[in-house]
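J.: I am attaching a structure below and will ask some questions about it afterwards.
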Amino acid sequence: MILANATASLQAASAATKSIPILETAVTNYQVALNLKKFNGTVGGNISGTSDLAPLDKQEKMIKDFVPKAKKLGILYCSAEPNSKYQADEVAKYAKKDGLKVTKYTFSDTNDVNSVTQQVASASDVIYIPTDNTAASCAKTINGSEGQGANHRR
């Protein structure tokens, strides 16, 4: 058995074998992660696991509840993570329905996190970061950068 954690390890294990059982955890959306055309909630074959997908509509509602005067939402995520893009797109749909101007800010790896975070902090009233492994690994940098934005508020 292969025990995989997060999207990249699922993708690697899935590409490596169709016979060894793969048990996955911390994948947001299996359809997105495995590029499945049809998905009924079960991957099938040798893959099983759990999803860490949060209720994105409720997360967007929290933004409006916590920062009711916000007009501009910046969504920050790693473009190399397909599940992060999925979450960003979904939250953007809900936010636009609630009247927020949404701008997505992406970084491709850890090298540009600082500069991109400064951009989103300067241009946004509130920042949303989806479940994103690269962003999580850069949390200290993101926290330090966002304080440099013109609109930073604690």
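Each chain in the structure tokens gets a letter, A, B and so on, in the order shown; residues start at 1 in every chain, and ligands are counted from 1 in the order they appear.
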Contacts of Asp109 (chain A) at 10 Å or less, counting only C-alpha atoms, minus same-chain residues fewer than 4 places along, as a ChimeraX atom specification?
T.: /A:77-81,113,134-135,138
J.: What's the 12 Å shell around Ile20 (chain A), counting only C-alpha atoms, without same-chain residues fewer than 3 positions away, as a list in words?
T.: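 Here the qualifying residues turn out to be Met1, Ile2, Leu3, Ala13, Ser14, Ala15, Ala16, Thr17, Leu23, Gly45, Asn46, Ile47 and Ser48 of chain A.
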J.: Would you mind listing what lies within 7 Å of region 27-30 of chain A as a list in words, with only C-alpha atoms counted and same-chain residues fewer than 6 positions away left out?
T.: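 The residues that qualify are Ala6, Thr7, Thr50, Ser51, Asp52, Leu53 and Asn83 of chain A.
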J.: Please list as a list in words every residue within 9 Å of Ile129 (chain A), counting only C-alpha atoms and excluding residues in the same chain fewer than 4 positions away.
T.: Gly74, Ile75, Leu76, Tyr77, Ser84, Ala88 and Ala135 of chain A
J.: Just to be explicit: take each residue in the selection above, keep N, CA and C atoms, and write the result as an mmCIF file, in the first residue's frame.
T.:
```cif
data_model
loop_
_atom_site.group_PDB
_atom_site.id
_atom_site.type_symbol
_atom_site.label_atom_id
_atom_site.label_comp_id
_atom_site.auth_asym_id
_atom_site.auth_seq_id
_atom_site.Cartn_x
_atom_site.Cartn_y
_atom_site.Cartn_z
ATOM 1 N N GLY A 74 -8.615 40.055 -2.681
ATOM 2 C CA GLY A 74 -7.463 39.482 -3.366
ATOM 3 C C GLY A 74 -7.360 38.017 -3.003
ATOM 4 N N ILE A 75 -7.250 37.160 -3.998
ATOM 5 C CA ILE A 75 -7.100 35.728 -3.749
ATOM 6 C C ILE A 75 -5.668 35.357 -4.113
ATOM 7 N N LEU A 76 -4.945 34.815 -3.149
ATOM 8 C CA LEU A 76 -3.525 34.501 -3.291
ATOM 9 C C LEU A 76 -3.330 32.992 -3.264
ATOM 10 N N TYR A 77 -2.685 32.447 -4.309
ATOM 11 C CA TYR A 77 -2.447 31.002 -4.331
ATOM 12 C C TYR A 77 -1.327 30.639 -5.299
ATOM 13 N N SER A 84 -5.744 24.458 -5.679
ATOM 14 C CA SER A 84 -5.786 25.850 -5.222
ATOM 15 C C SER A 84 -6.519 26.712 -6.240
ATOM 16 N N ALA A 88 -9.884 28.863 -5.615
ATOM 17 C CA ALA A 88 -9.872 30.295 -5.932
ATOM 18 C C ALA A 88 -11.016 30.643 -6.874
ATOM 19 N N ALA A 135 1.594 27.786 -0.254
ATOM 20 C CA ALA A 135 1.310 28.958 0.583
ATOM 21 C C ALA A 135 1.508 28.624 2.061
#
```
J.: To one decimal in Å, tell me the separation between CA of Lys37 (chain A) and CA of Glu90 (chain A).
T.: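 It comes out at 18.3 Å.
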J.: I'd like to know which residues of region 65-152 of chain A are strand (DSSP E or B) (by DSSP, run on the backbone); could you write them as a VMD selection string?
T.: chain A and resid 72 to 78 101 to 107 126 to 128
